[in-house]
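Next comes structure00.pdb, with PDB, C-alpha atoms and all ligand atoms.
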```
ATOM      1  CA  MET K1499     -19.391 103.410 -69.091
ATOM      2  CA  MET K1500     -22.935 103.049 -70.272
ATOM      3  CA  LEU K1501     -24.932 105.502 -72.384
ATOM      4  CA  LEU K1502     -28.628 105.998 -71.615
ATOM      5  CA  VAL K1503     -30.859 107.554 -74.274
ATOM      6  CA  PRO K1504     -34.625 108.121 -74.491
ATOM      7  CA  CYS K1505     -36.603 105.419 -76.237
ATOM      8  CA  ASP K1506     -38.684 106.017 -79.329
ATOM      9  CA  PRO K1507     -42.217 106.586 -77.989
ATOM     10  CA  LEU K1508     -43.700 104.348 -80.705
ATOM     11  CA  ARG K1509     -41.041 101.651 -80.670
ATOM     12  CA  PRO K1510     -39.943 101.680 -77.041
ATOM     13  CA  ARG K1511     -37.113  99.202 -77.432
ATOM     14  CA  ARG K1512     -35.320 101.497 -79.850
ATOM     15  CA  PRO K1513     -33.583 104.834 -79.243
ATOM     16  CA  ASP K1514     -35.553 107.961 -80.053
ATOM     17  CA  GLU K1515     -34.576 108.912 -83.583
ATOM     18  CA  HIS K1516     -33.103 112.228 -82.429
ATOM     19  CA  PHE K1517     -30.545 110.362 -80.298
ATOM     20  CA  ALA K1518     -30.143 107.232 -82.432
ATOM     21  CA  PRO K1519     -26.973 108.523 -84.155
ATOM     22  CA  GLU K1520     -25.258 109.042 -80.800
ATOM     23  CA  ALA K1521     -26.488 105.656 -79.566
ATOM     24  CA  GLN K1522     -25.014 104.043 -82.674
ATOM     25  CA  ALA K1523     -21.715 105.896 -82.274
ATOM     26  CA  ALA K1524     -21.540 104.824 -78.632
ATOM     27  CA  ARG K1525     -22.068 101.158 -79.556
ATOM     28  CA  GLU K1526     -19.354 101.441 -82.169
ATOM     29  CA  ALA K1527     -17.074 102.922 -79.498
ATOM     30  CA  GLY K1528     -17.713  99.838 -77.357
ATOM     31  CA  LEU K1529     -20.105 101.382 -74.839
ATOM     32  CA  THR K1530     -23.227  99.631 -73.621
ATOM     33  CA  VAL K1531     -26.321 101.527 -74.717
ATOM     34  CA  ALA K1532     -29.702 101.284 -73.000
ATOM     35  CA  VAL K1533     -32.978 103.100 -73.495
ATOM     36  CA  VAL K1534     -35.065 104.782 -70.815
ATOM     37  CA  ASP K1535     -38.639 106.036 -71.071
ATOM     38  CA  HIS K1536     -38.120 109.801 -70.942
ATOM     39  CA  ASP K1537     -41.826 110.610 -71.151
ATOM     40  CA  ALA K1538     -42.619 108.459 -68.129
ATOM     41  CA  LEU K1539     -39.724 110.049 -66.215
ATOM     42  CA  ALA K1540     -40.945 113.511 -67.187
ATOM     43  CA  ARG K1541     -44.506 112.719 -66.088
ATOM     44  CA  GLY K1542     -43.144 111.457 -62.807
ATOM     45  CA  ASP K1543     -44.989 108.178 -62.883
ATOM     46  CA  ASP K1544     -43.460 104.774 -62.618
ATOM     47  CA  ALA K1545     -39.805 105.749 -62.795
ATOM     48  CA  GLU K1546     -38.817 102.153 -61.989
ATOM     49  CA  ARG K1547     -40.494 100.911 -65.122
ATOM     50  CA  ALA K1548     -38.953 103.782 -67.117
ATOM     51  CA  VAL K1549     -35.455 102.454 -66.395
ATOM     52  CA  ALA K1550     -36.310  98.741 -66.525
ATOM     53  CA  PRO K1551     -34.281  98.156 -69.717
ATOM     54  CA  VAL K1552     -31.057  99.400 -68.063
ATOM     55  CA  PRO K1553     -28.637  96.586 -67.133
ATOM     56  CA  SER K1554     -27.709  96.634 -63.467
ATOM     57  CA  GLY K1555     -24.362  97.903 -62.177
ATOM     58  CA  GLY K1556     -21.804 100.334 -63.518
ATOM     59  CA  THR K1557     -21.564 104.010 -64.371
ATOM     60  CA  ALA K1558     -23.823 105.787 -66.826
ATOM     61  CA  ILE K1559     -24.255 109.040 -68.631
ATOM     62  CA  TYR K1560     -27.500 110.193 -70.191
ATOM     63  CA  ARG K1561     -27.896 111.951 -73.536
ATOM     64  CA  GLY K1562     -31.482 112.963 -74.054
ATOM     65  CA  TRP K1563     -34.323 115.407 -73.632
ATOM     66  CA  MET K1564     -34.335 117.721 -70.654
ATOM     67  CA  LEU K1565     -35.775 116.630 -67.341
ATOM     68  CA  ARG K1566     -36.854 118.958 -64.560
ATOM     69  CA  SER K1567     -34.359 118.803 -61.706
ATOM     70  CA  GLU K1568     -36.840 117.028 -59.396
ATOM     71  CA  ARG K1569     -37.464 114.388 -62.058
ATOM     72  CA  TYR K1570     -33.731 113.903 -62.473
ATOM     73  CA  VAL K1571     -33.528 113.200 -58.718
ATOM     74  CA  ARG K1572     -35.982 110.350 -59.175
ATOM     75  CA  PHE K1573     -34.181 109.148 -62.305
ATOM     76  CA  THR K1574     -30.852 108.826 -60.468
ATOM     77  CA  ASP K1575     -32.571 107.274 -57.442
ATOM     78  CA  VAL K1576     -34.209 104.453 -59.375
ATOM     79  CA  LEU K1577     -30.965 103.821 -61.236
ATOM     80  CA  ALA K1578     -29.078 103.680 -57.940
ATOM     81  CA  LYS K1579     -31.479 100.944 -56.836
ATOM     82  CA  ARG K1580     -30.226  98.953 -59.821
ATOM     83  CA  GLY K1581     -26.624  99.635 -58.802
ATOM     84  CA  VAL K1582     -26.150 102.163 -61.608
ATOM     85  CA  THR K1583     -24.319 105.394 -60.776
ATOM     86  CA  VAL K1584     -25.028 108.343 -63.042
ATOM     87  CA  ARG K1585     -21.886 110.428 -63.342
ATOM     88  CA  THR K1586     -23.799 113.662 -62.812
ATOM     89  CA  THR K1587     -25.501 113.620 -59.425
ATOM     90  CA  ALA K1588     -28.923 115.210 -58.940
ATOM     91  CA  GLU K1589     -27.361 118.129 -57.069
ATOM     92  CA  GLN K1590     -24.889 118.671 -59.923
ATOM     93  CA  TYR K1591     -27.630 118.463 -62.534
ATOM     94  CA  ARG K1592     -29.654 121.218 -60.887
ATOM     95  CA  ARG K1593     -26.579 123.430 -60.553
ATOM     96  CA  ALA K1594     -25.821 123.185 -64.283
ATOM     97  CA  HIS K1595     -29.412 123.156 -65.538
ATOM     98  CA  GLU K1596     -30.826 126.124 -63.609
ATOM     99  CA  LEU K1597     -29.333 129.611 -63.835
ATOM    100  CA  PRO K1598     -29.230 130.321 -60.088
ATOM    101  CA  GLY K1599     -27.007 127.246 -59.729
ATOM    102  CA  TRP K1600     -24.188 128.411 -61.982
ATOM    103  CA  TYR K1601     -24.635 132.181 -61.939
ATOM    104  CA  PRO K1602     -22.715 133.033 -58.748
ATOM    105  CA  THR K1603     -19.559 131.326 -60.038
ATOM    106  CA  LEU K1604     -19.789 132.968 -63.475
ATOM    107  CA  ALA K1605     -21.171 136.375 -62.469
ATOM    108  CA  ALA K1606     -18.124 138.247 -63.757
ATOM    109  CA  VAL K1607     -18.408 136.830 -67.286
ATOM    110  CA  THR K1608     -22.168 136.723 -67.942
ATOM    111  CA  PRO K1609     -24.877 139.418 -68.126
ATOM    112  CA  ARG K1610     -25.872 140.711 -64.683
ATOM    113  CA  SER K1611     -28.973 138.840 -63.533
ATOM    114  CA  ALA K1612     -31.652 138.924 -60.847
ATOM    115  CA  TRP K1613     -34.329 136.300 -60.282
ATOM    116  CA  THR K1614     -37.494 135.494 -58.376
ATOM    117  CA  THR K1615     -38.475 132.352 -56.530
ATOM    118  CA  GLY K1616     -42.192 132.739 -57.176
ATOM    119  CA  ALA K1617     -43.888 133.761 -60.407
ATOM    120  CA  ASP K1618     -46.478 136.365 -59.459
ATOM    121  CA  ARG K1619     -46.339 140.089 -60.041
ATOM    122  CA  ALA K1620     -45.161 140.949 -56.525
ATOM    123  CA  ASP K1621     -42.208 138.563 -56.867
ATOM    124  CA  PHE K1622     -41.421 139.976 -60.269
ATOM    125  CA  ASP K1623     -41.559 143.590 -59.106
ATOM    126  CA  GLU K1624     -39.235 142.838 -56.236
ATOM    127  CA  ALA K1625     -36.607 141.424 -58.615
ATOM    128  CA  ARG K1626     -37.257 144.234 -61.089
ATOM    129  CA  LEU K1627     -36.640 146.923 -58.482
ATOM    130  CA  ALA K1628     -33.474 145.187 -57.309
ATOM    131  CA  PHE K1629     -32.352 144.997 -60.929
ATOM    132  CA  GLY K1630     -32.764 148.693 -61.706
ATOM    133  CA  ALA K1631     -33.537 150.217 -65.086
ATOM    134  CA  GLY K1632     -32.526 149.742 -68.703
ATOM    135  CA  PRO K1633     -32.997 147.026 -71.305
ATOM    136  CA  ALA K1634     -33.099 143.392 -70.229
ATOM    137  CA  VAL K1635     -33.923 139.877 -71.326
ATOM    138  CA  VAL K1636     -36.392 137.817 -69.310
ATOM    139  CA  ARG K1637     -36.380 134.013 -69.088
ATOM    140  CA  ASP K1638     -37.007 131.335 -66.478
ATOM    141  CA  TYR K1639     -34.327 129.330 -64.636
ATOM    142  CA  VAL K1640     -33.848 127.034 -67.646
ATOM    143  CA  LYS K1641     -34.929 128.675 -70.909
ATOM    144  CA  SER K1642     -36.030 131.815 -72.685
ATOM    145  CA  MET K1643     -38.691 132.188 -75.349
ATOM    146  CA  LYS K1644     -36.145 133.707 -77.707
ATOM    147  CA  HIS K1645     -38.268 132.945 -80.772
ATOM    148  CA  TYR K1646     -40.877 135.343 -79.345
ATOM    149  CA  TRP K1647     -38.270 138.028 -78.741
ATOM    150  CA  ASP K1648     -40.427 141.153 -78.717
ATOM    151  CA  GLU K1649     -43.404 139.753 -76.878
ATOM    152  CA  ALA K1650     -41.846 137.303 -74.408
ATOM    153  CA  ALA K1651     -38.093 137.932 -74.053
ATOM    154  CA  PHE K1652     -36.929 141.512 -74.572
ATOM    155  CA  VAL K1653     -37.793 144.167 -72.001
ATOM    156  CA  ALA K1654     -36.981 147.642 -73.335
ATOM    157  CA  ASP K1655     -36.850 149.215 -69.881
ATOM    158  CA  VAL K1656     -36.973 147.309 -66.623
ATOM    159  CA  GLY K1657     -38.094 150.541 -64.974
ATOM    160  CA  ASP K1658     -41.432 150.354 -66.829
ATOM    161  CA  GLY K1659     -43.255 147.914 -64.563
ATOM    162  CA  ASP K1660     -46.388 147.323 -66.606
ATOM    163  CA  ALA K1661     -44.542 146.795 -69.886
ATOM    164  CA  ALA K1662     -42.001 144.488 -68.221
ATOM    165  CA  TRP K1663     -44.732 142.444 -66.541
ATOM    166  CA  LYS K1664     -46.521 142.047 -69.861
ATOM    167  CA  VAL K1665     -43.404 140.435 -71.350
ATOM    168  CA  ALA K1666     -42.820 138.258 -68.264
ATOM    169  CA  SER K1667     -46.454 137.077 -68.208
ATOM    170  CA  ARG K1668     -46.300 136.166 -71.867
ATOM    171  CA  LEU K1669     -43.110 134.174 -71.219
ATOM    172  CA  ARG K1670     -44.851 132.364 -68.364
ATOM    173  CA  GLN K1671     -47.833 131.594 -70.582
ATOM    174  CA  LEU K1672     -45.752 130.339 -73.505
ATOM    175  CA  ARG K1673     -43.545 128.165 -71.292
ATOM    176  CA  GLU K1674     -46.679 126.455 -69.962
ATOM    177  CA  ASP K1675     -45.849 123.385 -67.926
ATOM    178  CA  ASN K1676     -42.193 123.749 -68.866
ATOM    179  CA  PHE K1677     -41.764 126.878 -66.747
ATOM    180  CA  VAL K1678     -39.033 126.194 -64.179
ATOM    181  CA  GLY K1679     -38.346 128.073 -60.947
ATOM    182  CA  GLY K1680     -39.025 131.773 -61.401
ATOM    183  CA  PHE K1681     -38.329 134.727 -63.654
ATOM    184  CA  VAL K1682     -34.774 135.785 -64.436
ATOM    185  CA  LEU K1683     -33.971 139.325 -65.587
ATOM    186  CA  ARG K1684     -30.682 139.729 -67.408
ATOM    187  CA  GLU K1685     -29.031 142.953 -68.461
ATOM    188  CA  PHE K1686     -29.192 143.310 -72.233
ATOM    189  CA  GLU K1687     -25.758 143.340 -73.855
ATOM    190  CA  PRO K1688     -25.098 143.869 -77.583
ATOM    191  CA  PHE K1689     -23.598 140.784 -79.253
ATOM    192  CA  THR K1690     -21.931 140.625 -82.637
ATOM    193  CA  SER K1691     -21.155 136.944 -83.231
ATOM    194  CA  ALA K1692     -23.126 133.752 -83.549
ATOM    195  CA  GLU K1693     -23.162 131.704 -80.367
ATOM    196  CA  VAL K1694     -20.450 129.128 -79.803
ATOM    197  CA  ARG K1695     -21.239 126.003 -77.766
ATOM    198  CA  THR K1696     -18.297 124.661 -75.770
ATOM    199  CA  TRP K1697     -18.343 121.210 -74.115
ATOM    200  CA  TRP K1698     -16.564 120.534 -70.800
ATOM    201  CA  VAL K1699     -15.771 117.263 -69.035
ATOM    202  CA  ASP K1700     -14.332 117.329 -65.510
ATOM    203  CA  GLY K1701     -13.462 121.007 -65.844
ATOM    204  CA  GLY K1702     -11.607 120.756 -69.146
ATOM    205  CA  CYS K1703     -12.887 121.918 -72.536
ATOM    206  CA  VAL K1704     -13.194 118.844 -74.771
ATOM    207  CA  LEU K1705     -14.917 120.376 -77.780
ATOM    208  CA  ILE K1706     -15.738 123.742 -79.322
ATOM    209  CA  GLY K1707     -18.494 123.858 -81.917
ATOM    210  CA  SER K1708     -21.382 125.852 -83.221
ATOM    211  CA  HIS K1709     -24.634 126.425 -81.402
ATOM    212  CA  PRO K1710     -27.462 124.100 -82.531
ATOM    213  CA  ASP K1711     -29.503 127.116 -83.735
ATOM    214  CA  THR K1712     -26.705 128.258 -86.067
ATOM    215  CA  PRO K1713     -24.950 124.981 -86.907
ATOM    216  CA  HIS K1714     -23.200 126.296 -89.983
ATOM    217  CA  ASP K1715     -21.662 129.339 -88.314
ATOM    218  CA  GLN K1716     -18.330 127.791 -87.465
ATOM    219  CA  PRO K1717     -16.589 129.243 -84.402
ATOM    220  CA  PRO K1718     -13.611 131.469 -85.149
ATOM    221  CA  GLY K1719     -10.370 129.522 -85.539
ATOM    222  CA  GLU K1720      -8.769 130.107 -82.185
ATOM    223  CA  ILE K1721     -10.740 131.013 -79.099
ATOM    224  CA  ASP K1722      -8.603 131.530 -76.028
ATOM    225  CA  LEU K1723     -10.565 130.036 -73.134
ATOM    226  CA  GLY K1724      -7.894 130.743 -70.523
ATOM    227  CA  TRP K1725     -10.216 133.197 -68.746
ATOM    228  CA  LEU K1726     -13.039 130.646 -68.556
ATOM    229  CA  THR K1727     -11.226 127.454 -67.573
ATOM    230  CA  PRO K1728     -10.679 128.312 -63.872
ATOM    231  CA  LEU K1729     -14.320 129.354 -63.536
ATOM    232  CA  ILE K1730     -15.657 126.139 -65.018
ATOM    233  CA  GLY K1731     -13.189 124.252 -62.851
ATOM    234  CA  ALA K1732     -14.632 126.063 -59.841
ATOM    235  CA  LEU K1733     -18.138 124.864 -60.755
ATOM    236  CA  GLY K1734     -16.890 121.322 -60.189
ATOM    237  CA  LEU K1735     -19.360 119.685 -62.568
ATOM    238  CA  PRO K1736     -18.617 116.499 -64.536
ATOM    239  CA  PHE K1737     -20.238 117.414 -67.873
ATOM    240  CA  VAL K1738     -21.539 120.806 -68.979
ATOM    241  CA  THR K1739     -21.895 122.992 -72.022
ATOM    242  CA  VAL K1740     -21.127 126.702 -71.966
ATOM    243  CA  ASP K1741     -22.582 128.960 -74.671
ATOM    244  CA  LEU K1742     -20.477 132.009 -75.543
ATOM    245  CA  ALA K1743     -20.740 134.993 -77.840
ATOM    246  CA  LEU K1744     -18.606 137.958 -78.677
ATOM    247  CA  ARG K1745     -19.891 141.216 -77.280
ATOM    248  CA  ALA K1746     -19.733 144.363 -79.412
ATOM    249  CA  ASP K1747     -16.657 145.544 -77.507
ATOM    250  CA  GLY K1748     -14.772 142.361 -78.452
ATOM    251  CA  VAL K1749     -15.141 140.585 -75.092
ATOM    252  CA  TRP K1750     -16.309 136.964 -74.992
ATOM    253  CA  ARG K1751     -19.297 136.508 -72.693
ATOM    254  CA  VAL K1752     -21.158 133.496 -71.330
ATOM    255  CA  PHE K1753     -24.866 133.279 -72.210
ATOM    256  CA  GLU K1754     -25.612 130.188 -70.300
ATOM    257  CA  VAL K1755     -24.383 126.945 -68.850
ATOM    258  CA  GLY K1756     -26.273 123.724 -69.465
ATOM    259  CA  ASP K1757     -26.032 120.154 -68.252
ATOM    260  CA  GLY K1758     -24.124 118.446 -71.065
ATOM    261  CA  GLN K1759     -26.414 115.429 -70.960
ATOM    262  CA  VAL K1760     -29.391 117.467 -72.139
ATOM    263  CA  SER K1761     -27.602 119.973 -74.401
ATOM    264  CA  ASP K1762     -28.508 119.559 -78.014
ATOM    265  CA  ARG K1763     -25.805 118.634 -80.498
ATOM    266  CA  PRO K1764     -25.547 120.891 -83.556
ATOM    267  CA  ILE K1765     -25.920 118.902 -86.764
ATOM    268  CA  SER K1766     -22.442 120.127 -87.745
ATOM    269  CA  ILE K1767     -20.826 117.946 -85.035
ATOM    270  CA  GLU K1768     -20.623 114.229 -85.815
ATOM    271  CA  PRO K1769     -22.223 112.005 -83.180
ATOM    272  CA  ALA K1770     -18.987 110.035 -82.764
ATOM    273  CA  VAL K1771     -17.162 113.261 -81.914
ATOM    274  CA  ILE K1772     -19.503 114.013 -79.023
ATOM    275  CA  ILE K1773     -19.328 110.452 -77.756
ATOM    276  CA  ALA K1774     -15.523 110.395 -77.913
ATOM    277  CA  ALA K1775     -15.337 113.767 -76.158
ATOM    278  CA  VAL K1776     -17.644 112.686 -73.375
ATOM    279  CA  ALA K1777     -16.607 109.098 -72.873
ATOM    280  CA  GLY K1778     -12.945 109.667 -73.600
ATOM    281  CA  ARG K1779     -12.007 111.123 -70.243
ATOM    282  CA  SER K1780     -14.114 108.848 -68.132
ATOM    283  CA  SER K1781     -13.681 105.347 -66.927
TER     284      SER K1781
HETATM  285  N1  LIG K1801     -28.392 139.470 -71.738
HETATM  286  C1  LIG K1801     -28.600 139.328 -73.032
HETATM  287  N2  LIG K1801     -28.305 140.318 -73.905
HETATM  288  C2  LIG K1801     -28.538 140.178 -75.222
HETATM  289  N3  LIG K1801     -29.070 139.075 -75.783
HETATM  290  C3  LIG K1801     -29.372 138.052 -74.981
HETATM  291  C4  LIG K1801     -29.164 138.119 -73.573
HETATM  292  N4  LIG K1801     -29.581 136.972 -73.013
HETATM  293  C5  LIG K1801     -30.031 136.216 -74.017
HETATM  294  N5  LIG K1801     -29.915 136.851 -75.215
HETATM  295  C6  LIG K1801     -30.304 136.313 -76.526
HETATM  296  O1  LIG K1801     -31.348 135.380 -76.291
HETATM  297  C7  LIG K1801     -30.952 134.070 -76.659
HETATM  298  C8  LIG K1801     -31.463 133.043 -75.685
HETATM  299  O2  LIG K1801     -30.941 133.256 -74.401
HETATM  300  P1  LIG K1801     -30.508 132.051 -73.487
HETATM  301  O3  LIG K1801     -30.298 132.625 -72.129
HETATM  302  O4  LIG K1801     -29.394 131.331 -74.117
HETATM  303  O5  LIG K1801     -31.819 131.153 -73.429
HETATM  304  P2  LIG K1801     -32.210 129.777 -74.147
HETATM  305  O6  LIG K1801     -32.085 128.780 -73.044
HETATM  306  O7  LIG K1801     -33.599 129.945 -74.577
HETATM  307  O8  LIG K1801     -31.246 129.495 -75.246
HETATM  308  C9  LIG K1801     -29.448 134.126 -76.731
HETATM  309  O9  LIG K1801     -28.996 133.200 -77.669
HETATM  310  C10 LIG K1801     -29.197 135.553 -77.178
HETATM  311  O10 LIG K1801     -29.353 135.669 -78.583
HETATM  312 MG    MG K1802     -29.277 129.518 -75.101
END
```
Would you mind writing the structure in this file as structure tokens?
Amino acid sequence: MMLLVPCDPLRPRRPDEHFAPEAQAAREAGLTVAVVDHDALARGDDAERAVAPVPSGGTAIYRGWMLRSERYVRFTDVLAKRGVTVRTTAEQYRRAHELPGWYPTLAAVTPRSAWTTGADRADFDEARLAFGAGPAVVRDYVKSMKHYWDEAAFVADVGDGDAAWKVASRLRQLREDNFVGGFVLREFEPFTSAEVRTWWVDGGCVLIGSHPDTPHDQPPGEIDLGWLTPLIGALGLPFVTVDLALRADGVWRVFEVGDGQVSDRPISIEPAVIIAAVAGRSS
């Protein structure tokens, strides 16, 4: 098993400093570590050169910055040409990374959602009318602008078309070139706990920790994930994170699924713990 991490843009032979601790932990665990040029992969130019430092042959996992699903396709393709198999295929990456990929399997345990394929007002209104009325959260297939809650995330009433479109347009504008897919409307639910990030390898939970935004809010001692395990098993994905929070009525809910390769590690989890969790089950 080989670990691929983004290179430092200024010192391209070294890991990006954000991922250097995990790279170090992986080396100490006996894994081969190689750097890839994330920025070149993200731009979509010269993917072959971006993976040139990767030794040929073997199986790899990536821990790094997000890539759009179509860029990840190219990433796995150029690695395949070097005989390197990435454990998460391009199809699996898209299914974990984009909400429409995982939503159908988890619909019963996550806020009700409707989405568009385009991003203009007519597309939005169609989804809005299908969604109904009431408070909602708007995001794209991959991310929200949660730090701009009132202006670009929270919709007080989906039935108010102009007000809802104002929020959606602001989201679109703030996401800039990072906007992925279309708009997603999600029923607002009241939550009472900090988010918990759970890590899953081959359908089993390997680690429960805090969310990177609230790294010092430790998850409650015992979370029973019996209700979630069959659903994550049904997704059939090699490495994902699932973010959970406790709803006001005491029910655990799923906020989102993410591809584990591009999910940020909270500073409260040691790099070696992530590496052991991820590499432990694989061969
Ligand atoms: N349906 C919802 N009801 C209430 N709050 C929500 C809902 N969806 C998202 N949020 C809040 O917005 C935050 C970001 O949503 P999330 O879908 O996880 O997007 P991001 O990818 O930006 O983290 C969540 O952590 C939560 O606090
Ligand atoms: Mg989130």
Practice problem: Please write as an NGL selection string the full residue list that the PyMOL selection byres (((chain K and resi 1524) around 12) and not hetatm) yields on this file. | Solution: :K and (1499-1503 or 1517-1523 or 1525-1532 or 1559-1561 or 1768-1778)
Exercise. Name the residues, by chain letter and number, that sit within 7 Å of ligand MG 1802 (chain K) using all atoms listed in the file, and give them as a count of residues only.
Key: 3
Practice problem: Please evaluate the PyMOL selection byres (((not hetatm)) within 7 of (chain K and resi 1801)) against the displayed coordinates and give the resulting residues as a PyMOL selection string. | Solution: chain K and resi 1609+1634-1635+1637+1640-1644+1684-1689+1693+1753-1754
Quiz item: Applied to this file, what does the PyMOL selection byres (((chain K and resi 1751) around 8) and not hetatm) return in terms of residues, put as a ChimeraX atom specification?
Solution: /K:1607-1609,1742-1745,1749-1750,1752-1753
Per residue of range 1617-1638 of chain K within 8 Å of range 1645-1668 of chain K, which atom pair is closest and at what distance in Å (one decimal), using only C-alpha atoms, listed by chain and increasing number, as CSV?
```
residue,atom,partner,partner_atom,distance
K:Arg1619,CA,K:Trp1663,CA,7.1
K:Phe1622,CA,K:Trp1663,CA,7.5
K:Asp1623,CA,K:Gly1659,CA,7.2
K:Arg1626,CA,K:Val1656,CA,6.3
K:Leu1627,CA,K:Gly1657,CA,7.6
K:Phe1629,CA,K:Val1656,CA,7.7
K:Gly1630,CA,K:Gly1657,CA,6.5
K:Ala1631,CA,K:Gly1657,CA,4.6
K:Gly1632,CA,K:Asp1655,CA,4.5
K:Pro1633,CA,K:Ala1654,CA,4.5
K:Ala1634,CA,K:Val1653,CA,5.1
K:Val1635,CA,K:Phe1652,CA,4.7
K:Val1636,CA,K:Ala1651,CA,5.0
K:Arg1637,CA,K:Ala1651,CA,6.6
```
Written file, previous selection with C-alpha atoms, as a compact mmCIF listing (two decimals), in the coordinates of the input:
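Produced file part_23.txt, reproduced below:
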```
# COMPACT_ATOMS: atom_id res chain seq x y z
CA ARG K 1619 -46.34 140.09 -60.04
CA PHE K 1622 -41.42 139.98 -60.27
CA ASP K 1623 -41.56 143.59 -59.11
CA ARG K 1626 -37.26 144.23 -61.09
CA LEU K 1627 -36.64 146.92 -58.48
CA PHE K 1629 -32.35 145.00 -60.93
CA GLY K 1630 -32.76 148.69 -61.71
CA ALA K 1631 -33.54 150.22 -65.09
CA GLY K 1632 -32.53 149.74 -68.70
CA PRO K 1633 -33.00 147.03 -71.31
CA ALA K 1634 -33.10 143.39 -70.23
CA VAL K 1635 -33.92 139.88 -71.33
CA VAL K 1636 -36.39 137.82 -69.31
CA ARG K 1637 -36.38 134.01 -69.09
```
Self-check item: Nearest to Ala1606 in chain K, chosen from K:Glu1589, K:Gly1581, K:Gly1679, K:Leu1726, with only C-alpha atoms counted in the distances
Solution: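 Residue with the minimum atom-to-atom distance to Ala1606 in chain K: K:Leu1726.
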Practice problem: Check the smallest atom-to-atom distance from each of K:Leu1723, K:Val1576, K:Ala1620, K:Ala1612 to Pro1598 in chain K using only C-alpha atoms, then report the winner. | Solution: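 Looking only at the distances to Pro1598 in chain K, the closest residue turns out to be K:Ala1612.
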Exercise. Rank nothing, just name the residue among K:Cys1505, K:Ile1730, K:Val1552, K:Val1682 nearest to Gly1702 in chain K, using all atoms listed in the file.
Key: K:Ile1730
Practice problem: Provide the CA of Ser1554 in chain K to CA of Glu1568 in chain K distance in Å, to one decimal place. | Solution: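 CA of Glu1568 in chain K lies 22.7 Å from CA of Ser1554 in chain K.
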Practice problem: Would you list the contacts of Ser1708 in chain K as a PyMOL selection string, taking every protein, DNA or RNA residue within 9 Å and counting all atoms listed in the file, but skipping same-chain residues closer than 2 positions in sequence? | Solution: chain K and resi 1692-1696+1706+1710-1717+1763-1764+1766-1767
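When only C-alpha atoms are used to compute distances to Val1699 in chain K, the closest of the residues K:Pro1553, K:Gly1734, K:Gly1616, K:Pro1728 turns out to be K:Gly1734.
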Selection as an mmCIF file with C-alpha atoms, in the frame of the given file: residues within 10 Å of (-31.9, 117.8, -73.5), counting all atoms listed in the file:
```cif
data_model
loop_
_atom_site.group_PDB
_atom_site.id
_atom_site.type_symbol
_atom_site.label_atom_id
_atom_site.label_comp_id
_atom_site.auth_asym_id
_atom_site.auth_seq_id
_atom_site.Cartn_x
_atom_site.Cartn_y
_atom_site.Cartn_z
ATOM 1 C CA TYR K 1560 -27.500 110.193 -70.191
ATOM 2 C CA ARG K 1561 -27.896 111.951 -73.536
ATOM 3 C CA GLY K 1562 -31.482 112.963 -74.054
ATOM 4 C CA TRP K 1563 -34.323 115.407 -73.632
ATOM 5 C CA MET K 1564 -34.335 117.721 -70.654
ATOM 6 C CA LEU K 1565 -35.775 116.630 -67.341
ATOM 7 C CA HIS K 1595 -29.412 123.156 -65.538
ATOM 8 C CA GLY K 1756 -26.273 123.724 -69.465
ATOM 9 C CA ASP K 1757 -26.032 120.154 -68.252
ATOM 10 C CA GLY K 1758 -24.124 118.446 -71.065
ATOM 11 C CA GLN K 1759 -26.414 115.429 -70.960
ATOM 12 C CA VAL K 1760 -29.391 117.467 -72.139
ATOM 13 C CA SER K 1761 -27.602 119.973 -74.401
ATOM 14 C CA ASP K 1762 -28.508 119.559 -78.014
ATOM 15 C CA ARG K 1763 -25.805 118.634 -80.498
#
```
Taking all atoms of range 1712-1726 of chain K that the file lists and extending 5 Å past them on each side, where is the centre of the axis-aligned box and how long are its edges? Answer in Å to one decimal, as JSON.
```
{"center_x": -17.3, "center_y": 129.1, "center_z": -79.3, "size_x": 28.8, "size_y": 18.2, "size_z": 31.4}
```
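CA of Arg1585 in chain K is positioned 17.9 Å from CA of Gly1599 in chain K.
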Quiz prompt | Among the residues K:Val1755, K:Ala1605, K:Ala1594, K:Leu1669, the one that comes closest to Leu1735 in chain K [using all atoms listed in the file] | solution = K:Ala1594
Practice problem: Please provide the set of residues having any atom within 10 Å of Arg1511 in chain K, restricted to all atoms listed in the file, with same-chain residues fewer than 4 positions apart removed, written as a list in words. | Solution: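 Skipping anything fewer than 4 positions along the chain leaves Pro1504, Cys1505, Asp1506, Pro1507, Ala1532, Val1533, Val1534, Asp1535 and Pro1551 of chain K.
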Quiz item: Which residue out of K:Leu1604, K:Ala1538, K:Thr1557, K:Ser1611 has the minimum interatomic distance to Ala1578 in chain K when only C-alpha atoms are used?
Solution: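 When distances to Ala1578 in chain K are compared using only C-alpha atoms, the smallest one comes from K:Thr1557.
The interatomic distance for the pair CA of Leu1705 in chain K and CA of Phe1737 in chain K works out to 11.6 Å.
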